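Reading through the structure tokens given below for one structure.
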Amino acid sequence: MTHASVEVDGAIVGRIEAGLLVLLAVEPSDTEAEADRLIERLVGYRVFEDEAGRMNRSLADTGGGLLLVPQFTLAADTTKGMRPSFTGAAPPELGRRLFDHAVGCATARLGDRVATGRFGAHMHVSLTNDGPVTFWLRTARPAAGG
């Protein structure tokens with residue numbers, strides 16, 4: 001992605017140049033440990049081209065930005081009917097807590113290279129997708145009983 005931004009009420013609240021735009025959904029069973037792991041993966045995920053044109057560089061390597069946007073609609077169940085169900089999304093209190101935790105974790109790793117959308121706001125999200133290259137990155141759930 002070459003640049004992305006989030007606008008709320010006519011004002012830009014988050015903007016980055018080259019880097020990753022992450023639409024972040026929180027589900028009811030998600031934990032801080034999963035948020036930590038997600039940020040670890042985002043910082044180290046090799047999706048940027050190296051000199052040979054291969055996806056071999058990460059945010060840590062490129063110095064790119066990270067724009068985190070809360071997006072509960074990604075947790076929608078769209079398997080039945082003609083309207084999405086949002087029962088798969090975390091309640092707002094948990095969603096906000098884990099989103100804020102993820103932002104804190106990302107900021108600890110990347111400093112001022114982190115920008116955000118605004119939780120609970122009506123946002124206009126813009127990006128210029130390079131490629132386009134888009135991934136759905138999930139964390140593994142811990143095994144039952146372990």
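Chain labels A, B, ... are given in the sequence in which chains occur in the structure tokens; within each chain residues are numbered consecutively from 1, and ligands are likewise numbered from 1 in the order shown.
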
Polymer residues at most 12 Å from Arg15 of chain A, only C-alpha atoms, same-chain spacing of 5 or more positions, as a PDB file with N, CA and C atoms, in the first residue's frame:
ATOM      1  N   THR A   2       0.601   2.174  -0.856  1.00  0.00           N
ATOM      2  CA  THR A   2       1.468   3.348  -0.960  1.00  0.00           C
ATOM      3  C   THR A   2       1.084   4.473  -0.009  1.00  0.00           C
ATOM      4  N   HIS A   3      -0.209   4.560   0.346  1.00  0.00           N
ATOM      5  CA  HIS A   3      -0.645   5.483   1.390  1.00  0.00           C
ATOM      6  C   HIS A   3      -2.087   5.179   1.764  1.00  0.00           C
ATOM      7  N   ALA A   4      -2.459   5.575   2.981  1.00  0.00           N
ATOM      8  CA  ALA A   4      -3.820   5.346   3.473  1.00  0.00           C
ATOM      9  C   ALA A   4      -4.151   6.407   4.506  1.00  0.00           C
ATOM     10  N   SER A   5      -5.460   6.652   4.653  1.00  0.00           N
ATOM     11  CA  SER A   5      -5.885   7.625   5.654  1.00  0.00           C
ATOM     12  C   SER A   5      -7.287   7.287   6.139  1.00  0.00           C
ATOM     13  N   VAL A   6      -7.629   7.854   7.308  1.00  0.00           N
ATOM     14  CA  VAL A   6      -8.959   7.715   7.893  1.00  0.00           C
ATOM     15  C   VAL A   6      -9.456   9.111   8.230  1.00  0.00           C
ATOM     16  N   GLU A   7     -10.684   9.381   7.802  1.00  0.00           N
ATOM     17  CA  GLU A   7     -11.310  10.676   8.055  1.00  0.00           C
ATOM     18  C   GLU A   7     -12.555  10.473   8.915  1.00  0.00           C
ATOM     19  N   VAL A   8     -12.721  11.326   9.927  1.00  0.00           N
ATOM     20  CA  VAL A   8     -13.901  11.328  10.780  1.00  0.00           C
ATOM     21  C   VAL A   8     -14.408  12.761  10.852  1.00  0.00           C
ATOM     22  N   LEU A  20       1.241  -0.695   6.007  1.00  0.00           N
ATOM     23  CA  LEU A  20       0.093  -1.592   6.090  1.00  0.00           C
ATOM     24  C   LEU A  20      -1.126  -0.874   6.651  1.00  0.00           C
ATOM     25  N   LEU A  21      -2.246  -1.045   5.981  1.00  0.00           N
ATOM     26  CA  LEU A  21      -3.544  -0.651   6.512  1.00  0.00           C
ATOM     27  C   LEU A  21      -4.163  -1.932   7.038  1.00  0.00           C
ATOM     28  N   GLY A  64       8.122   1.225   7.268  1.00  0.00           N
ATOM     29  CA  GLY A  64       6.808   1.679   6.855  1.00  0.00           C
ATOM     30  C   GLY A  64       5.876   1.949   8.027  1.00  0.00           C
ATOM     31  N   GLY A  65       4.728   2.525   7.717  1.00  0.00           N
ATOM     32  CA  GLY A  65       3.733   2.856   8.726  1.00  0.00           C
ATOM     33  C   GLY A  65       2.712   1.745   8.903  1.00  0.00           C
ATOM     34  N   LEU A  66       1.977   1.832   9.999  1.00  0.00           N
ATOM     35  CA  LEU A  66       0.916   0.880  10.317  1.00  0.00           C
ATOM     36  C   LEU A  66      -0.321   1.681  10.695  1.00  0.00           C
ATOM     37  N   LEU A  67      -1.382   1.547   9.898  1.00  0.00           N
ATOM     38  CA  LEU A  67      -2.640   2.224  10.175  1.00  0.00           C
ATOM     39  C   LEU A  67      -3.637   1.174  10.649  1.00  0.00           C
ATOM     40  N   LEU A  68      -4.004   1.234  11.929  1.00  0.00           N
ATOM     41  CA  LEU A  68      -4.938   0.288  12.533  1.00  0.00           C
ATOM     42  C   LEU A  68      -6.332   0.909  12.572  1.00  0.00           C
ATOM     43  N   VAL A  69      -7.302   0.211  11.977  1.00  0.00           N
ATOM     44  CA  VAL A  69      -8.668   0.719  11.894  1.00  0.00           C
ATOM     45  C   VAL A  69      -9.605  -0.319  12.500  1.00  0.00           C
ATOM     46  N   ASP A 112       6.050   6.405  16.448  1.00  0.00           N
ATOM     47  CA  ASP A 112       5.162   7.318  15.732  1.00  0.00           C
ATOM     48  C   ASP A 112       4.816   6.855  14.321  1.00  0.00           C
ATOM     49  N   ARG A 113       5.227   5.657  13.954  1.00  0.00           N
ATOM     50  CA  ARG A 113       4.850   5.093  12.653  1.00  0.00           C
ATOM     51  C   ARG A 113       3.461   4.458  12.704  1.00  0.00           C
ATOM     52  N   VAL A 114       2.809   4.503  13.884  1.00  0.00           N
ATOM     53  CA  VAL A 114       1.471   3.937  14.043  1.00  0.00           C
ATOM     54  C   VAL A 114       0.432   5.062  13.995  1.00  0.00           C
ATOM     55  N   ALA A 115      -0.611   4.832  13.208  1.00  0.00           N
ATOM     56  CA  ALA A 115      -1.757   5.740  13.153  1.00  0.00           C
ATOM     57  C   ALA A 115      -3.007   4.882  13.324  1.00  0.00           C
ATOM     58  N   THR A 116      -4.117   5.528  13.663  1.00  0.00           N
ATOM     59  CA  THR A 116      -5.333   4.753  13.910  1.00  0.00           C
ATOM     60  C   THR A 116      -6.569   5.448  13.348  1.00  0.00           C
ATOM     61  N   GLY A 117      -7.587   4.622  13.199  1.00  0.00           N
ATOM     62  CA  GLY A 117      -8.933   5.133  13.013  1.00  0.00           C
ATOM     63  C   GLY A 117      -9.491   5.416  14.396  1.00  0.00           C
ATOM     64  N   HIS A 124     -14.338   7.344   7.087  1.00  0.00           N
ATOM     65  CA  HIS A 124     -14.078   7.206   5.666  1.00  0.00           C
ATOM     66  C   HIS A 124     -12.619   6.763   5.560  1.00  0.00           C
ATOM     67  N   VAL A 125     -12.425   5.556   5.060  1.00  0.00           N
ATOM     68  CA  VAL A 125     -11.082   4.978   4.955  1.00  0.00           C
ATOM     69  C   VAL A 125     -10.668   4.998   3.493  1.00  0.00           C
ATOM     70  N   SER A 126      -9.498   5.566   3.219  1.00  0.00           N
ATOM     71  CA  SER A 126      -8.974   5.646   1.859  1.00  0.00           C
ATOM     72  C   SER A 126      -7.623   4.958   1.800  1.00  0.00           C
ATOM     73  N   LEU A 127      -7.373   4.278   0.684  1.00  0.00           N
ATOM     74  CA  LEU A 127      -6.053   3.693   0.496  1.00  0.00           C
ATOM     75  C   LEU A 127      -5.745   3.591  -0.979  1.00  0.00           C
ATOM     76  N   THR A 128      -4.471   3.560  -1.274  1.00  0.00           N
ATOM     77  CA  THR A 128      -3.996   3.204  -2.590  1.00  0.00           C
ATOM     78  C   THR A 128      -3.288   1.876  -2.418  1.00  0.00           C
TER      79      THR A 128
END

Q: Identify, on the basis of only C-alpha atoms, every residue whose closest approach to Phe119 of chain A does not exceed 10 Å; exclude the query and any residue fewer than 4 positions from it along the same chain; express the result as a PyMOL selection string.
A: chain A and resi 69-72+92+95-96+99-100+123

Just-selected residues, all heavy atoms written as a PDB file, in the first residue's frame:
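What follows is the written file selection_4.pdb:
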ATOM      1  N   VAL A  69      -7.302   0.211  11.977  1.00  0.00           N
ATOM      2  CA  VAL A  69      -8.668   0.719  11.894  1.00  0.00           C
ATOM      3  C   VAL A  69      -9.605  -0.319  12.500  1.00  0.00           C
ATOM      4  O   VAL A  69      -9.658  -1.457  12.021  1.00  0.00           O
ATOM      5  CB  VAL A  69      -9.065   0.992  10.426  1.00  0.00           C
ATOM      6  CG1 VAL A  69     -10.495   1.474  10.331  1.00  0.00           C
ATOM      7  CG2 VAL A  69      -8.104   1.999   9.795  1.00  0.00           C
ATOM      8  N   PRO A  70     -10.344   0.037  13.559  1.00  0.00           N
ATOM      9  CA  PRO A  70     -11.301  -0.912  14.128  1.00  0.00           C
ATOM     10  C   PRO A  70     -12.416  -1.190  13.127  1.00  0.00           C
ATOM     11  O   PRO A  70     -12.972  -0.263  12.542  1.00  0.00           O
ATOM     12  CB  PRO A  70     -11.829  -0.188  15.371  1.00  0.00           C
ATOM     13  CG  PRO A  70     -11.616   1.265  15.095  1.00  0.00           C
ATOM     14  CD  PRO A  70     -10.414   1.357  14.199  1.00  0.00           C
ATOM     15  N   GLN A  71     -12.728  -2.482  12.918  1.00  0.00           N
ATOM     16  CA  GLN A  71     -13.682  -2.842  11.869  1.00  0.00           C
ATOM     17  C   GLN A  71     -14.497  -4.065  12.287  1.00  0.00           C
ATOM     18  O   GLN A  71     -14.254  -5.171  11.849  1.00  0.00           O
ATOM     19  CB  GLN A  71     -12.907  -3.125  10.576  1.00  0.00           C
ATOM     20  CG  GLN A  71     -13.764  -3.293   9.363  1.00  0.00           C
ATOM     21  CD  GLN A  71     -14.393  -1.995   8.934  1.00  0.00           C
ATOM     22  OE1 GLN A  71     -13.790  -0.939   9.026  1.00  0.00           O
ATOM     23  NE2 GLN A  71     -15.605  -2.064   8.449  1.00  0.00           N
ATOM     24  N   PHE A  72     -15.484  -3.864  13.174  1.00  0.00           N
ATOM     25  CA  PHE A  72     -16.261  -4.980  13.695  1.00  0.00           C
ATOM     26  C   PHE A  72     -17.033  -5.722  12.614  1.00  0.00           C
ATOM     27  O   PHE A  72     -17.343  -6.894  12.755  1.00  0.00           O
ATOM     28  CB  PHE A  72     -17.199  -4.516  14.819  1.00  0.00           C
ATOM     29  CG  PHE A  72     -18.494  -3.922  14.340  1.00  0.00           C
ATOM     30  CD1 PHE A  72     -19.640  -4.702  14.246  1.00  0.00           C
ATOM     31  CD2 PHE A  72     -18.572  -2.583  13.988  1.00  0.00           C
ATOM     32  CE1 PHE A  72     -20.837  -4.159  13.814  1.00  0.00           C
ATOM     33  CE2 PHE A  72     -19.765  -2.034  13.559  1.00  0.00           C
ATOM     34  CZ  PHE A  72     -20.904  -2.826  13.463  1.00  0.00           C
ATOM     35  N   PRO A  92     -18.888  -4.115  22.339  1.00  0.00           N
ATOM     36  CA  PRO A  92     -18.094  -2.889  22.190  1.00  0.00           C
ATOM     37  C   PRO A  92     -17.019  -2.695  23.265  1.00  0.00           C
ATOM     38  O   PRO A  92     -15.909  -2.266  22.947  1.00  0.00           O
ATOM     39  CB  PRO A  92     -19.136  -1.771  22.241  1.00  0.00           C
ATOM     40  CG  PRO A  92     -20.390  -2.419  21.770  1.00  0.00           C
ATOM     41  CD  PRO A  92     -20.330  -3.840  22.253  1.00  0.00           C
ATOM     42  N   GLY A  95     -14.190  -5.039  22.411  1.00  0.00           N
ATOM     43  CA  GLY A  95     -13.592  -4.588  21.162  1.00  0.00           C
ATOM     44  C   GLY A  95     -12.703  -3.375  21.362  1.00  0.00           C
ATOM     45  O   GLY A  95     -11.571  -3.331  20.881  1.00  0.00           O
ATOM     46  N   ARG A  96     -13.205  -2.387  22.113  1.00  0.00           N
ATOM     47  CA  ARG A  96     -12.411  -1.176  22.372  1.00  0.00           C
ATOM     48  C   ARG A  96     -11.168  -1.505  23.197  1.00  0.00           C
ATOM     49  O   ARG A  96     -10.071  -1.030  22.902  1.00  0.00           O
ATOM     50  CB  ARG A  96     -13.238  -0.132  23.100  1.00  0.00           C
ATOM     51  CG  ARG A  96     -12.445   1.159  23.389  1.00  0.00           C
ATOM     52  CD  ARG A  96     -13.251   2.168  24.199  1.00  0.00           C
ATOM     53  NE  ARG A  96     -14.489   2.538  23.562  1.00  0.00           N
ATOM     54  CZ  ARG A  96     -14.610   3.517  22.655  1.00  0.00           C
ATOM     55  NH1 ARG A  96     -13.553   4.196  22.282  1.00  0.00           N
ATOM     56  NH2 ARG A  96     -15.791   3.805  22.146  1.00  0.00           N
ATOM     57  N   PHE A  99      -8.708  -3.395  20.947  1.00  0.00           N
ATOM     58  CA  PHE A  99      -8.178  -2.487  19.926  1.00  0.00           C
ATOM     59  C   PHE A  99      -7.146  -1.557  20.561  1.00  0.00           C
ATOM     60  O   PHE A  99      -6.036  -1.399  20.043  1.00  0.00           O
ATOM     61  CB  PHE A  99      -9.290  -1.686  19.259  1.00  0.00           C
ATOM     62  CG  PHE A  99      -8.776  -0.731  18.219  1.00  0.00           C
ATOM     63  CD1 PHE A  99      -8.367  -1.184  16.986  1.00  0.00           C
ATOM     64  CD2 PHE A  99      -8.682   0.632  18.495  1.00  0.00           C
ATOM     65  CE1 PHE A  99      -7.863  -0.310  16.023  1.00  0.00           C
ATOM     66  CE2 PHE A  99      -8.182   1.516  17.554  1.00  0.00           C
ATOM     67  CZ  PHE A  99      -7.770   1.044  16.310  1.00  0.00           C
ATOM     68  N   ASP A 100      -7.478  -0.953  21.692  1.00  0.00           N
ATOM     69  CA  ASP A 100      -6.544  -0.062  22.383  1.00  0.00           C
ATOM     70  C   ASP A 100      -5.276  -0.802  22.801  1.00  0.00           C
ATOM     71  O   ASP A 100      -4.171  -0.255  22.718  1.00  0.00           O
ATOM     72  CB  ASP A 100      -7.209   0.581  23.602  1.00  0.00           C
ATOM     73  CG  ASP A 100      -8.274   1.610  23.226  1.00  0.00           C
ATOM     74  OD1 ASP A 100      -8.342   2.019  22.050  1.00  0.00           O
ATOM     75  OD2 ASP A 100      -9.054   1.979  24.135  1.00  0.00           O
ATOM     76  N   MET A 123     -16.312   6.266   9.873  1.00  0.00           N
ATOM     77  CA  MET A 123     -15.024   6.612   9.272  1.00  0.00           C
ATOM     78  C   MET A 123     -15.084   6.484   7.758  1.00  0.00           C
ATOM     79  O   MET A 123     -15.756   5.608   7.227  1.00  0.00           O
ATOM     80  CB  MET A 123     -13.932   5.677   9.800  1.00  0.00           C
ATOM     81  CG  MET A 123     -13.693   5.766  11.286  1.00  0.00           C
ATOM     82  SD  MET A 123     -12.483   4.543  11.870  1.00  0.00           S
ATOM     83  CE  MET A 123     -13.512   3.080  11.971  1.00  0.00           C
TER      84      MET A 123
END

Q.
Can you measure atom CA of Thr31 of chain A to atom CA of Cys105 of chain A for me? One decimal in Å is fine.
A.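 If I compute the distance from atom CA of Thr31 of chain A to atom CA of Cys105 of chain A, I get 13.2 Å.
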
Q.
Which of segment 39-102 of chain A end up as strand (DSSP E or B) when DSSP is run on this backbone - answer as a PyMOL selection string?
A. chain A and resi 48-49+55-57+65-70+77+85

N, CA and C atoms of the current selection, written as a compact mmCIF listing (two decimals), in the first residue's frame:
# COMPACT_ATOMS: atom_id res chain seq x y z
N PHE A 48 6.54 -7.02 1.65
CA PHE A 48 7.08 -5.93 0.83
C PHE A 48 8.23 -6.47 -0.01
N GLU A 49 8.33 -5.95 -1.23
CA GLU A 49 9.32 -6.45 -2.17
C GLU A 49 10.75 -6.10 -1.76
N MET A 55 8.48 -10.87 -2.27
CA MET A 55 7.94 -10.46 -0.97
C MET A 55 8.85 -11.04 0.11
N ASN A 56 9.77 -10.21 0.57
CA ASN A 56 10.78 -10.70 1.49
C ASN A 56 11.12 -9.68 2.57
N ARG A 57 10.41 -8.55 2.60
CA ARG A 57 10.70 -7.50 3.58
C ARG A 57 9.46 -7.20 4.42
N GLY A 65 4.73 2.53 7.72
CA GLY A 65 3.73 2.86 8.73
C GLY A 65 2.71 1.74 8.90
N LEU A 66 1.98 1.83 10.00
CA LEU A 66 0.92 0.88 10.32
C LEU A 66 -0.32 1.68 10.70
N LEU A 67 -1.38 1.55 9.90
CA LEU A 67 -2.64 2.22 10.18
C LEU A 67 -3.64 1.17 10.65
N LEU A 68 -4.00 1.23 11.93
CA LEU A 68 -4.94 0.29 12.53
C LEU A 68 -6.33 0.91 12.57
N VAL A 69 -7.30 0.21 11.98
CA VAL A 69 -8.67 0.72 11.89
C VAL A 69 -9.60 -0.32 12.50
N PRO A 70 -10.34 0.04 13.56
CA PRO A 70 -11.30 -0.91 14.13
C PRO A 70 -12.42 -1.19 13.13
N ASP A 77 -21.43 -12.58 10.34
CA ASP A 77 -21.82 -13.87 9.78
C ASP A 77 -22.67 -13.58 8.55
N SER A 85 -25.24 -10.77 10.18
CA SER A 85 -25.45 -10.83 11.62
C SER A 85 -24.13 -10.48 12.30

Q) atom CA of Phe135 of chain A and atom CA of Gly81 of chain A are how many Å apart? A) 26.4 Å

**Q.** Selection near Glu40 of chain A, 12 Å with only C-alpha atoms, sequence-local residues under 3 positions removed, as an NGL selection string
**A.** :A and (33-37 or 43-46 or 58-60 or 102-103 or 105-110 or 137-139)

Atoms kept (N, CA, C and O atoms) for selection, written as a tab-separated table (two decimals), in the first residue's frame:
chain	number	residue	atom	x	y	z
A	33	ALA	N	-3.33	-11.70	24.57
A	33	ALA	CA	-2.23	-12.50	24.02
A	33	ALA	C	-2.36	-12.62	22.50
A	33	ALA	O	-1.36	-12.55	21.78
A	34	GLU	N	-3.59	-12.78	22.00
A	34	GLU	CA	-3.78	-12.84	20.55
A	34	GLU	C	-3.51	-11.49	19.90
A	34	GLU	O	-2.94	-11.43	18.80
A	35	ALA	N	-3.89	-10.41	20.55
A	35	ALA	CA	-3.59	-9.08	20.03
A	35	ALA	C	-2.08	-8.86	19.96
A	35	ALA	O	-1.57	-8.34	18.96
A	36	ASP	N	-1.37	-9.29	21.01
A	36	ASP	CA	0.10	-9.18	21.01
A	36	ASP	C	0.70	-9.96	19.84
A	36	ASP	O	1.59	-9.47	19.14
A	37	ARG	N	0.22	-11.19	19.65
A	37	ARG	CA	0.72	-12.04	18.57
A	37	ARG	C	0.41	-11.43	17.20
A	37	ARG	O	1.23	-11.46	16.29
A	43	VAL	N	4.25	-6.69	12.31
A	43	VAL	CA	5.55	-6.01	12.24
A	43	VAL	C	6.56	-6.84	11.46
A	43	VAL	O	7.38	-6.31	10.72
A	44	GLY	N	6.47	-8.17	11.58
A	44	GLY	CA	7.45	-9.04	10.94
A	44	GLY	C	6.99	-9.71	9.65
A	44	GLY	O	7.78	-10.39	9.00
A	45	TYR	N	5.72	-9.53	9.27
A	45	TYR	CA	5.17	-10.21	8.10
A	45	TYR	C	5.85	-9.71	6.83
A	45	TYR	O	5.85	-8.51	6.55
A	46	ARG	N	6.41	-10.63	6.05
A	46	ARG	CA	7.21	-10.25	4.88
A	46	ARG	C	6.31	-10.15	3.64
A	46	ARG	O	6.11	-11.12	2.94
A	58	SER	N	9.69	-6.80	5.66
A	58	SER	CA	8.61	-6.52	6.61
A	58	SER	C	8.57	-5.03	6.95
A	58	SER	O	9.45	-4.27	6.54
A	59	LEU	N	7.57	-4.66	7.75
A	59	LEU	CA	7.53	-3.28	8.27
A	59	LEU	C	8.81	-2.97	9.04
A	59	LEU	O	9.34	-1.86	8.96
A	60	ALA	N	9.28	-3.95	9.80
A	60	ALA	CA	10.52	-3.74	10.57
A	60	ALA	C	11.68	-3.43	9.63
A	60	ALA	O	12.56	-2.63	9.96
A	102	ALA	N	-3.97	-3.42	21.25
A	102	ALA	CA	-3.20	-3.64	20.03
A	102	ALA	C	-2.47	-2.36	19.62
A	102	ALA	O	-1.30	-2.40	19.23
A	103	VAL	N	-3.15	-1.22	19.72
A	103	VAL	CA	-2.51	0.06	19.38
A	103	VAL	C	-1.32	0.31	20.30
A	103	VAL	O	-0.24	0.71	19.85
A	105	CYS	N	0.51	-1.90	21.90
A	105	CYS	CA	1.56	-2.86	21.56
A	105	CYS	C	2.29	-2.42	20.28
A	105	CYS	O	3.52	-2.46	20.21
A	106	ALA	N	1.53	-1.99	19.28
A	106	ALA	CA	2.13	-1.54	18.02
A	106	ALA	C	2.98	-0.29	18.24
A	106	ALA	O	4.09	-0.18	17.71
A	107	THR	N	2.48	0.63	19.04
A	107	THR	CA	3.22	1.87	19.32
A	107	THR	C	4.51	1.58	20.06
A	107	THR	O	5.54	2.21	19.80
A	108	ALA	N	4.48	0.61	20.98
A	108	ALA	CA	5.70	0.22	21.69
A	108	ALA	C	6.75	-0.31	20.73
A	108	ALA	O	7.95	-0.13	20.95
A	109	ARG	N	6.33	-0.92	19.64
A	109	ARG	CA	7.27	-1.50	18.67
A	109	ARG	C	7.66	-0.53	17.56
A	109	ARG	O	8.78	-0.57	17.07
A	110	LEU	N	6.70	0.32	17.14
A	110	LEU	CA	6.93	1.15	15.96
A	110	LEU	C	6.92	2.65	16.23
A	110	LEU	O	7.18	3.44	15.32
A	137	LEU	N	-5.14	-11.87	7.75
A	137	LEU	CA	-4.18	-12.40	8.73
A	137	LEU	C	-4.92	-12.68	10.02
A	137	LEU	O	-5.52	-11.79	10.60
A	138	ARG	N	-4.86	-13.93	10.45
A	138	ARG	CA	-5.52	-14.34	11.68
A	138	ARG	C	-4.47	-14.94	12.61
A	138	ARG	O	-3.47	-15.47	12.16
A	139	THR	N	-4.76	-14.88	13.90
A	139	THR	CA	-3.90	-15.54	14.86
A	139	THR	C	-4.47	-16.92	15.13
A	139	THR	O	-5.68	-17.14	15.02

Q: Work out how far atom CA of Thr73 of chain A is from atom CA of Val26 of chain A, in Å to one decimal.
A: 9.5 Å
